[in-house]
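data_3.cif (mmCIF, C-alpha atoms)
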```
data_target
loop_
_atom_site.label_atom_id
_atom_site.label_comp_id
_atom_site.auth_asym_id
_atom_site.auth_seq_id
_atom_site.Cartn_x
_atom_site.Cartn_y
_atom_site.Cartn_z
CA LEU A 94 24.10 -1.38 -25.02
CA ARG A 95 24.73 -4.87 -23.61
CA ALA A 96 24.47 -3.46 -20.08
CA LEU A 97 21.10 -1.92 -20.91
CA GLN A 98 19.92 -5.29 -22.20
CA ARG A 99 20.83 -6.95 -18.91
CA ARG A 100 18.71 -4.91 -16.53
CA SER A 101 17.17 -6.94 -13.73
CA ALA A 102 13.54 -6.71 -12.58
CA SER A 103 14.70 -6.93 -8.96
CA ASP A 104 16.57 -3.64 -9.42
CA LEU A 105 13.46 -1.71 -10.40
CA PRO A 106 12.39 0.55 -7.48
CA SER A 107 10.15 -1.11 -4.94
CA CYS A 108 7.42 0.63 -2.97
CA ALA A 109 4.93 -0.02 -0.19
CA THR A 110 2.50 -1.70 -2.59
CA SER A 111 5.03 -4.06 -4.16
CA ASP A 112 6.61 -4.88 -0.78
CA ALA A 113 3.21 -5.80 0.69
CA VAL A 114 2.32 -7.96 -2.30
CA GLU A 115 5.66 -9.79 -2.32
CA ALA A 116 5.42 -10.48 1.41
CA HIS A 117 1.88 -11.82 1.10
CA VAL A 118 2.79 -14.02 -1.87
CA ALA A 119 5.69 -15.56 0.06
CA VAL A 120 3.42 -16.48 2.98
CA GLU A 121 0.53 -17.71 0.85
CA ILE A 122 2.45 -19.97 -1.51
CA ALA A 123 4.44 -21.43 1.40
CA ALA A 124 1.15 -22.25 3.15
CA ALA A 125 -0.01 -23.98 -0.04
CA GLY A 126 3.22 -25.96 -0.36
CA VAL A 127 4.12 -24.19 -3.59
CA GLN A 128 7.42 -22.69 -4.69
CA ALA A 129 7.87 -19.96 -7.33
CA SER A 130 11.52 -19.06 -7.04
CA GLY A 131 12.87 -15.80 -8.42
CA LEU A 132 9.50 -14.02 -8.36
CA VAL A 133 9.66 -10.20 -8.29
CA VAL A 134 6.70 -7.81 -8.05
CA ARG A 135 7.06 -4.14 -8.95
CA VAL A 136 4.75 -1.16 -9.48
CA VAL A 137 6.10 0.07 -12.80
CA SER A 138 3.77 3.05 -13.17
CA GLN A 139 1.91 5.32 -10.76
CA ARG A 140 0.11 8.34 -12.17
CA LEU A 141 -2.55 10.74 -10.95
CA TYR A 142 -5.59 11.19 -13.14
CA HIS A 143 -9.10 12.63 -12.99
CA CYS A 144 -12.16 10.67 -14.07
CA ARG A 145 -14.46 13.33 -15.50
CA ALA A 146 -18.06 13.26 -14.33
CA VAL A 147 -20.67 12.06 -16.80
CA ALA A 148 -21.98 15.28 -18.34
CA GLY A 149 -25.63 14.37 -17.85
CA MET A 150 -25.06 13.62 -14.17
CA LYS A 151 -23.46 17.02 -13.66
CA VAL A 152 -26.34 18.75 -15.43
CA ARG A 153 -28.90 16.82 -13.43
CA TYR A 154 -27.40 17.19 -9.96
CA GLY A 155 -25.40 20.43 -10.35
CA ALA A 156 -23.27 21.34 -7.34
CA ASP A 157 -24.40 18.15 -5.57
CA TYR A 158 -22.33 16.08 -7.98
CA PRO A 159 -18.52 16.36 -8.35
CA ASP A 160 -16.88 17.70 -11.50
CA SER A 161 -14.40 14.81 -11.45
CA PHE A 162 -13.05 11.95 -9.38
CA PRO A 163 -9.28 12.00 -8.78
CA TYR A 164 -7.54 8.65 -8.70
CA ARG A 165 -4.10 7.05 -8.73
CA SER A 166 -3.50 4.59 -11.54
CA LYS A 167 -1.05 1.78 -10.81
CA ALA A 168 0.49 -0.83 -13.08
CA LEU A 169 1.74 -3.81 -11.10
CA PHE A 170 3.93 -6.28 -13.00
CA ALA A 171 5.36 -9.60 -11.79
CA PHE A 172 8.55 -11.13 -13.17
CA GLN A 173 10.29 -14.44 -12.64
CA GLU A 174 13.87 -15.39 -13.35
CA VAL A 175 13.79 -18.46 -15.58
CA ASP A 176 17.13 -20.05 -16.50
CA GLY A 177 18.99 -16.83 -15.71
CA ALA A 178 16.69 -14.43 -17.58
CA ASP A 179 13.71 -12.43 -16.30
CA VAL A 180 10.30 -13.16 -17.81
CA CYS A 181 7.21 -11.01 -17.29
CA VAL A 182 4.48 -13.38 -16.12
CA PHE A 183 1.66 -11.20 -14.76
CA ALA A 184 0.28 -7.66 -14.98
CA LEU A 185 -2.49 -5.81 -13.18
CA TYR A 186 -3.92 -2.32 -13.72
CA VAL A 187 -5.83 -0.69 -10.89
CA GLN A 188 -7.46 2.67 -10.15
CA GLU A 189 -7.34 3.90 -6.54
CA TYR A 190 -9.94 6.47 -5.46
CA ASP A 191 -8.83 7.39 -1.93
CA ALA A 192 -10.32 9.31 1.01
CA ALA A 193 -9.79 12.64 -0.77
CA CYS A 194 -11.97 11.54 -3.68
CA PRO A 195 -15.61 12.68 -3.45
CA ARG A 196 -18.51 10.29 -3.00
CA PRO A 197 -19.58 7.85 -4.29
CA ASN A 198 -16.05 6.77 -5.33
CA THR A 199 -14.50 7.52 -1.94
CA ASN A 200 -12.11 4.79 -0.72
CA ARG A 201 -12.84 2.44 -3.61
CA THR A 202 -10.29 0.64 -5.73
CA TYR A 203 -11.08 -0.75 -9.16
CA ILE A 204 -9.09 -3.62 -10.67
CA SER A 205 -9.77 -2.88 -14.31
CA TYR A 206 -7.50 -5.38 -16.07
CA LEU A 207 -5.23 -8.26 -15.27
CA ASP A 208 -3.48 -10.68 -17.57
CA SER A 209 -0.82 -13.38 -17.41
CA THR A 210 1.54 -15.28 -19.62
CA ARG A 211 1.96 -19.03 -19.39
CA TRP A 212 5.64 -18.98 -18.40
CA LEU A 213 5.45 -18.94 -14.61
CA HIS A 214 7.41 -21.93 -13.26
CA THR A 215 6.15 -23.46 -10.02
CA SER A 216 6.98 -26.49 -7.95
CA PRO A 217 4.94 -28.62 -8.07
CA PRO A 218 4.05 -27.68 -11.66
CA GLY A 219 0.66 -26.29 -12.62
CA GLN A 220 0.18 -23.97 -9.63
CA ARG A 221 -0.01 -20.68 -11.50
CA SER A 222 -3.43 -19.80 -10.07
CA VAL A 223 -2.14 -20.17 -6.50
CA VAL A 224 0.53 -17.57 -7.23
CA TYR A 225 -1.71 -15.21 -9.18
CA HIS A 226 -4.43 -15.38 -6.52
CA ALA A 227 -1.78 -14.53 -3.93
CA ILE A 228 -0.62 -11.50 -5.94
CA VAL A 229 -4.13 -10.06 -6.27
CA ASN A 230 -5.06 -10.85 -2.67
CA GLY A 231 -1.78 -9.30 -1.54
CA TYR A 232 -2.82 -6.12 -3.31
CA LEU A 233 -6.29 -6.27 -1.71
CA GLN A 234 -4.68 -6.68 1.71
CA TYR A 235 -2.50 -3.66 1.07
CA ALA A 236 -5.51 -1.65 -0.16
CA GLY A 237 -7.57 -2.51 2.91
CA ALA A 238 -4.74 -1.55 5.26
CA ALA A 239 -4.34 1.73 3.31
CA GLY A 240 -7.96 2.66 4.05
CA PHE A 241 -9.82 1.48 0.97
CA SER A 242 -13.21 0.08 1.90
CA HIS A 243 -14.28 -1.66 -1.31
CA ALA A 244 -12.65 -3.33 -4.29
CA HIS A 245 -14.43 -3.60 -7.63
CA LEU A 246 -13.39 -6.29 -10.09
CA TRP A 247 -14.35 -6.72 -13.74
CA VAL A 248 -14.45 -10.41 -14.65
CA GLU A 249 -15.19 -10.42 -18.38
CA PRO A 250 -12.70 -12.50 -20.44
CA PRO A 251 -11.39 -11.05 -23.72
CA LYS A 252 -13.36 -11.85 -26.83
CA ALA A 253 -11.84 -14.03 -29.55
CA GLY A 254 -8.96 -12.17 -31.17
CA ASP A 255 -8.72 -9.55 -28.40
CA GLU A 256 -5.87 -9.17 -25.92
CA TYR A 257 -5.86 -7.23 -22.67
CA ILE A 258 -2.21 -6.59 -21.76
CA PHE A 259 0.21 -9.14 -23.24
CA TYR A 260 0.57 -9.33 -27.01
CA CYS A 261 0.44 -12.68 -28.74
CA ARG A 262 0.24 -14.61 -25.50
CA ARG A 263 0.04 -18.36 -25.81
CA PRO A 264 -3.62 -19.50 -25.68
CA ASP A 265 -4.87 -21.86 -23.04
CA PRO A 266 -4.75 -25.39 -24.53
CA ALA A 267 -8.13 -26.09 -22.93
CA HIS A 268 -9.79 -23.41 -25.07
CA GLY A 269 -7.57 -23.05 -28.13
CA SER A 270 -8.73 -20.08 -30.20
CA ARG A 271 -12.08 -19.95 -28.39
CA PRO A 272 -12.44 -17.36 -25.59
CA MET A 273 -12.61 -18.55 -22.01
CA PRO A 274 -16.23 -18.80 -20.81
CA THR A 275 -17.26 -15.98 -18.47
CA SER A 276 -18.48 -18.55 -15.95
CA GLN A 277 -15.01 -20.13 -15.76
CA LEU A 278 -13.23 -16.81 -15.25
CA ARG A 279 -15.79 -15.76 -12.66
CA ALA A 280 -15.24 -19.02 -10.79
CA TRP A 281 -11.48 -18.24 -10.78
CA TYR A 282 -12.15 -14.86 -9.14
CA VAL A 283 -14.64 -16.34 -6.68
CA ARG A 284 -12.06 -18.89 -5.49
CA MET A 285 -9.58 -16.05 -5.08
CA LEU A 286 -12.00 -13.96 -3.01
CA GLU A 287 -13.03 -16.97 -0.94
CA ARG A 288 -9.37 -17.38 0.00
CA ALA A 289 -9.16 -13.66 0.77
CA GLN A 290 -12.22 -13.99 3.00
CA ALA A 291 -10.77 -17.03 4.78
CA THR A 292 -7.56 -15.11 5.55
CA GLY A 293 -9.35 -11.98 6.79
CA ILE A 294 -8.55 -9.72 3.83
CA VAL A 295 -12.14 -9.52 2.58
CA ALA A 296 -15.11 -9.22 4.92
CA GLU A 297 -17.69 -10.16 2.29
CA PHE A 298 -18.14 -10.14 -1.47
CA GLY A 299 -20.80 -10.68 -4.10
CA ASP A 300 -21.91 -9.54 -7.50
CA ILE A 301 -22.54 -5.86 -8.09
CA GLN A 302 -26.31 -6.34 -7.76
CA GLN A 303 -25.99 -7.80 -4.28
CA GLU A 304 -23.28 -5.53 -2.92
CA LEU A 305 -24.15 -2.18 -4.47
CA VAL A 306 -27.34 -1.88 -6.46
CA SER A 307 -29.96 -3.65 -4.35
CA GLY A 308 -30.11 -0.74 -1.90
CA LEU A 309 -29.58 2.05 -4.43
CA THR A 310 -31.95 5.01 -3.97
CA SER A 311 -30.26 7.64 -6.17
CA LEU A 312 -28.24 7.34 -9.35
CA ARG A 313 -25.65 9.73 -7.96
CA ASP A 314 -24.72 7.08 -5.36
CA PHE A 315 -23.53 4.67 -8.05
CA PRO A 316 -19.70 4.79 -8.38
CA LEU A 317 -18.35 5.25 -11.90
CA PHE A 318 -14.75 4.53 -12.89
CA GLU A 319 -12.55 5.56 -15.80
CA GLY A 320 -13.03 3.27 -18.80
CA ASP A 321 -15.63 1.18 -16.97
CA PHE A 322 -18.68 -0.41 -18.57
CA PHE A 323 -21.19 1.88 -16.84
CA PRO A 324 -20.41 5.59 -17.54
CA GLU A 325 -21.58 5.39 -21.14
CA HIS A 326 -24.76 3.57 -20.12
CA VAL A 327 -25.50 6.03 -17.32
CA ALA A 328 -25.13 8.88 -19.80
CA GLU A 329 -27.66 7.18 -22.08
CA LEU A 330 -30.11 6.63 -19.23
CA VAL A 331 -29.94 10.26 -18.09
CA ASP A 332 -30.31 11.53 -21.66
CA GLU A 333 -33.27 9.26 -22.36
CA SER A 334 -34.99 10.27 -19.14
CA SER A 335 -34.78 13.95 -20.06
CA GLY A 336 -35.71 13.51 -23.71
CA GLY A 337 -32.70 15.60 -24.68
CA ALA A 338 -33.87 18.56 -22.60
CA GLU A 339 -32.30 19.79 -19.38
CA PRO A 340 -33.14 17.23 -16.66
CA HIS A 341 -35.52 18.21 -13.87
CA PHE A 342 -35.38 17.15 -10.24
CA SER A 343 -38.66 15.26 -10.04
CA ARG A 344 -38.89 12.48 -7.49
CA LYS A 345 -40.78 10.28 -9.94
CA GLN A 346 -38.09 10.68 -12.56
CA SER A 347 -35.35 9.85 -10.03
CA ILE A 348 -37.14 6.64 -9.03
CA THR A 349 -37.51 5.69 -12.69
CA LEU A 350 -33.80 6.31 -13.29
CA VAL A 351 -32.84 4.08 -10.37
CA GLU A 352 -35.15 1.30 -11.52
CA ASP A 353 -33.77 1.54 -15.06
CA MET A 354 -30.24 1.34 -13.68
CA LYS A 355 -31.11 -1.70 -11.57
CA ALA A 356 -32.57 -3.42 -14.63
CA GLN A 357 -29.44 -2.68 -16.65
CA VAL A 358 -27.11 -3.93 -13.93
CA ALA A 359 -29.17 -7.11 -13.53
CA GLY A 360 -28.30 -8.05 -17.08
CA VAL A 361 -24.53 -7.84 -16.52
CA LYS A 362 -24.24 -8.47 -12.79
CA ARG A 363 -22.14 -11.62 -13.15
CA ARG A 364 -19.41 -9.64 -14.92
CA PHE A 365 -18.72 -7.49 -11.85
CA LEU A 366 -17.73 -8.47 -8.31
CA VAL A 367 -17.56 -6.12 -5.34
CA ALA A 368 -15.60 -6.99 -2.19
CA ARG A 369 -15.81 -5.20 1.14
CA LEU A 370 -12.27 -5.05 2.52
CA SER A 371 -11.60 -5.75 6.17
CA GLY A 372 -8.61 -3.43 6.59
CA ALA A 373 -6.29 -6.26 7.61
CA ALA A 374 -2.69 -5.22 8.29
CA PRO A 375 -0.14 -6.17 5.64
CA THR A 376 1.75 -9.43 6.07
CA ALA A 377 5.03 -7.58 6.62
CA PRO A 378 6.07 -3.93 7.00
CA ALA A 379 7.15 -2.09 3.86
CA ARG A 380 10.86 -2.04 3.13
CA GLY A 381 10.83 -0.29 -0.26
CA THR A 382 13.52 1.86 -1.75
CA ASP A 383 11.22 4.81 -1.11
CA GLY A 384 11.88 4.47 2.63
CA GLY A 385 8.75 2.45 3.36
CA HIS A 386 6.31 5.10 2.19
CA GLU A 387 4.16 4.99 -0.90
CA GLN A 388 6.18 5.51 -4.04
CA PRO A 389 5.77 8.97 -5.54
CA VAL A 390 4.38 9.41 -9.02
CA ARG A 391 6.40 7.26 -11.42
CA SER A 392 5.42 7.56 -15.04
CA ASN A 393 6.60 5.73 -18.12
CA GLU A 394 4.44 6.13 -21.21
CA LEU A 395 5.30 2.57 -22.18
CA VAL A 396 3.27 1.13 -19.27
CA ASP A 397 1.12 4.01 -18.00
CA SER A 398 -1.91 2.30 -19.50
CA ARG A 399 -2.60 -1.21 -20.63
CA GLN A 400 -3.55 0.13 -24.08
CA ALA A 401 -0.17 1.87 -24.42
CA PHE A 402 1.74 -1.24 -23.39
CA LEU A 403 -0.23 -3.52 -25.69
CA ALA A 404 0.20 -1.10 -28.61
CA ALA A 405 3.95 -0.84 -27.96
CA CYS A 406 4.27 -4.62 -27.86
CA LYS A 407 2.47 -4.92 -31.19
CA ALA A 408 4.53 -2.16 -32.82
CA ARG A 409 7.84 -3.63 -31.59
CA HIS A 410 6.88 -7.28 -32.04
CA TRP A 411 7.25 -8.05 -28.35
CA GLN A 412 5.45 -11.36 -28.16
CA PHE A 413 4.74 -13.81 -25.35
CA SER A 414 3.75 -16.82 -27.44
CA ASP A 415 6.76 -18.91 -26.39
CA LEU A 416 9.48 -18.68 -23.78
CA PRO A 417 12.30 -17.32 -25.99
CA ARG A 418 10.05 -14.53 -27.28
CA ALA A 419 8.82 -13.78 -23.76
CA ARG A 420 12.43 -13.49 -22.54
CA TYR A 421 13.33 -11.13 -25.37
CA SER A 422 10.21 -9.01 -24.84
CA THR A 423 10.91 -8.79 -21.12
CA MET A 424 14.55 -7.87 -21.74
CA MET A 425 13.48 -4.98 -23.96
CA LEU A 426 10.79 -3.92 -21.49
CA LEU A 427 13.30 -3.80 -18.62
CA ALA A 428 15.80 -1.92 -20.78
CA LEU A 429 13.24 0.86 -21.20
CA LEU A 430 11.87 0.78 -17.64
CA GLY A 431 15.26 1.36 -16.06
CA GLY A 432 16.83 -0.23 -13.03
CA ARG A 433 20.47 -1.01 -12.42
CA PRO A 434 22.14 -2.87 -15.33
CA VAL A 435 23.36 -6.32 -14.38
CA PRO A 436 27.05 -6.75 -15.29
CA PRO A 437 27.68 -9.57 -17.74
CA PRO A 438 29.24 -12.74 -16.26
CA GLN A 439 33.03 -12.74 -16.20
CA SER A 440 34.60 -15.16 -18.63
CA ALA A 441 37.08 -17.62 -17.24
CA SER A 442 40.72 -16.55 -17.74
#
```
Output the file's structure in the form of C-alpha cells.
Amino acid sequence: LRALQRRSASDLPSCATSDAVEAHVAVEIAAAGVQASGLVVRVVSQRLYHCRAVAGMKVRYGADYPDSFPYRSKALFAFQEVDGADVCVFALYVQEYDAACPRPNTNRTYISYLDSTRWLHTSPPGQRSVVYHAIVNGYLQYAGAAGFSHAHLWVEPPKAGDEYIFYCRRPDPAHGSRPMPTSQLRAWYVRMLERAQATGIVAEFGDIQQELVSGLTSLRDFPLFEGDFFPEHVAELVDESSGGAEPHFSRKQSITLVEDMKAQVAGVKRRFLVARLSGAAPTAPARGTDGGHEQPVRSNELVDSRQAFLAACKARHWQFSDLPRARYSTMMLLALLGGRPVPPPQSAS
C-alpha cells in the first residue's frame, strides 16, 4: 500500500505529445529566464470517440453531411515535485479531429477546457503564466507538426461556484469569490497566442467571427465539436427554419440560416478564438516510452473526461485549496493512474 502511495508522475508513460510539450516548455521558460524545476507533463488519457451529427443537419443535408465526426480525446496533466512530493498543477482537455475526420472538422483541434492550481513554484516567483502559456503553445506546436491546420479555444471563465477540472481550488486573491472577467481571461489567451505567433507556431489568430464565420456561405461548413456551445444552437436554428417540418433545400432558406448563424456568433464571438497553425516542427524529437510514436489508446475512467475527474475529486474529497491537500490529492491520483512505485527512502542504520 505504501508503495502504491509513492508513485511518481515521471514514471507515468510518456508519448509524442507529452515529449513535444516538455521540450517546448524547457526552451520557452529558459528564454524567459524562468525556472520551474521538477515539472513533468503526461497525457493521462487518450480515447477515441465519435461526435454525433446534429440531427437537424443530417435531415437537411442528407448524404452530403456526415453521420458523425471521429476524434481523439486527450487529457494532458502537468505535475511538479514540491519538497519531495508531486503536485498536479495544470490540466488540459482537447479533442483532435484529424485528416480522417470528414469536413468541416477535418484537421481541427479543440481545446475545450484547461485549469490550474496555484501551487506551481517558479523562480523568480509569480511566473505561472509563462509556464502555462508554454505548455499550451507546446501542444499547439505539436498539433501543427502533426498536420492539424486550426486550433479552436473556448475562453469563457467558470461562473461563480463552478469548477472546470480541479475541485476546491484556491481562488485568485485578485477576484476572491467573484469570477474572473471574460475580458481578463481572453487577454491571457491573446498574450499566449501572440507568443505562439512570434515563435512561428501560429500563423494568425482572431475571434471566431473573423477567422471562421465572416466568409461562411453554408451552415454545413461550420465545424461543431462535442460538448461545444454551438451544436445545441445550430439544432435550434435548423428546427426554427423548418417550422418543425422536414427541411427543404431552398437557396433562400440556406441564406437565412447562414445569416442567423452569423448573428448568433456575433453575440458570443469574444468567447471563442481560432488560430491557424503554421505546422512548425516540434522543438525536439519524441523520445517517449512508446518508441517515439503517438501513444496508443490509454483509458482511465478517472480522467477520461473533465466531468469524471471533477466528480471523482468531489466524491473522494480530493481538494486543491492548499498545498497539503493538493499533495494528498495528487498522491491518490497517481496511485490510481499507475506508473512505477517509488521505493521509500532507506532509513539510516
Taking the file as I've supplied it (selection: the PyMOL selection byres ((chain A and resi 117-133) around 7)), which residues are included? Please answer as a ChimeraX atom specification. /A:102-103,113-116,134-135,171-174,214-217,223-224,227-228,231,376
Residue neighbourhood A:Ala156, 12 Å, only C-alpha atoms, exclusion window fewer than 5 positions, as a ChimeraX atom specification: /A:146,150-151,161,313
Hits of the PyMOL selection byres ((chain A and resi 269-281) around 10) in this structure, as a list in words: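 Taken over the shown coordinates, the PyMOL selection byres ((chain A and resi 269-281) around 10) returns Ser222, His226, Trp247, Val248, Glu249, Pro250, Pro251, Lys252, Ala253, Gly254, Asp255, Arg263, Pro264, Asp265, Pro266, Ala267, His268, Tyr282, Val283, Arg284, Met285, Leu286, Arg363, Arg364, Phe365 and Leu366 of chain A.
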Kindly give the distance, in Å, that separates atom CA of A:Val147 and atom CA of A:Phe241, rounded to a single decimal.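 Atom CA of A:Phe241 lies 23.4 Å from atom CA of A:Val147.
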Which residue is closest to A:Leu169? Choose from A:Cys194, A:Leu416, A:Ala405, A:Cys108 and count all atoms listed in the file.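 The closest residue to A:Leu169 is A:Cys108.
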Tell me, as a ChimeraX atom specification, which residues lie within 10 Å of A:Val187, counting all atoms listed in the file; anything in the same chain fewer than 2 positions away does not count. /A:139,164-169,185,189-190,202-207,232,244-246,398
Which polymer residues, protein or nucleic acid, are no farther than 8 Å from (-13.4, 3.1, -12.9), counting only C-alpha atoms, as a PDB file with C-alpha atoms, in the coordinates of the input?
```pdb
ATOM      1  CA  CYS A 144     -12.160  10.670 -14.070  1.00  0.00           C
ATOM      2  CA  GLN A 188      -7.460   2.670 -10.150  1.00  0.00           C
ATOM      3  CA  TYR A 203     -11.080  -0.750  -9.160  1.00  0.00           C
ATOM      4  CA  SER A 205      -9.770  -2.880 -14.310  1.00  0.00           C
ATOM      5  CA  PRO A 316     -19.700   4.790  -8.380  1.00  0.00           C
ATOM      6  CA  LEU A 317     -18.350   5.250 -11.900  1.00  0.00           C
ATOM      7  CA  PHE A 318     -14.750   4.530 -12.890  1.00  0.00           C
ATOM      8  CA  GLU A 319     -12.550   5.560 -15.800  1.00  0.00           C
ATOM      9  CA  GLY A 320     -13.030   3.270 -18.800  1.00  0.00           C
ATOM     10  CA  ASP A 321     -15.630   1.180 -16.970  1.00  0.00           C
TER      11      ASP A 321
END
```
Please provide the set of residues having any atom within 10 Å of A:Leu309, restricted to all atoms listed in the file, with same-chain residues fewer than 2 positions apart removed, written as number ranges by chain. A: 302, 304-307, 311-315, 348, 351-352, 354-355
Straight-line distance linking atom CA of A:Ser209 with atom CA of A:Gly237, stated in Å to one decimal: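 Computing it gives 24.0 Å between the two atoms.
Rounded to one decimal, atom CA of A:Arg221 and atom CA of A:Arg409 lie 27.5 Å from each other.
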Which of A:Thr423, A:Ser334, A:Thr292, A:Thr310 sits closest to A:Phe183 [using only C-alpha atoms]: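 Checking each of A:Thr423, A:Ser334, A:Thr292, A:Thr310 against A:Phe183, counting only C-alpha atoms, the winner is A:Thr423.
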Can you give me, as a list in words, the residues this file yields under the PyMOL selection byres ((chain A and resi 395) around 10)?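 On the file shown, the PyMOL selection byres ((chain A and resi 395) around 10) covers Val137, Ser138, Ser392, Asn393, Glu394, Val396, Asp397, Ser398, Arg399, Gln400, Ala401, Phe402, Leu403, Ala404, Ala405, Cys406, Leu426, Leu429 and Leu430 of chain A.
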Which of A:Ala236, A:Leu330, A:Ala296, A:Ala184 sits closest to A:Thr349 [using only C-alpha atoms]: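 When distances to A:Thr349 are compared using only C-alpha atoms, the smallest one comes from A:Leu330.
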Please return the centre and edge lengths, in Å to one decimal, of a box with edges along x, y and z that contains all listed atoms of stretch 284-289 of chain A, widened by 4 Å on every side, as JSON.
```
{"center_x": -11.1, "center_y": -16.3, "center_z": -2.4, "size_x": 11.9, "size_y": 13.2, "size_z": 14.3}
```
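Between A:Asp208 and the candidates A:Asp300, A:Glu256, A:Glu287, A:Asp179, the tightest atom-to-atom separation, counting all atoms listed in the file, involves A:Glu256.
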Among A:Lys362, A:Arg145, A:Arg99, A:His410, A:Gly177 is approached most closely, using all atoms listed in the file, by A:Arg99
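Proximity of A:Lys407, A:Ile258, A:Tyr235, A:Tyr186 to A:Arg140, computed with only C-alpha atoms, is greatest for A:Tyr186.
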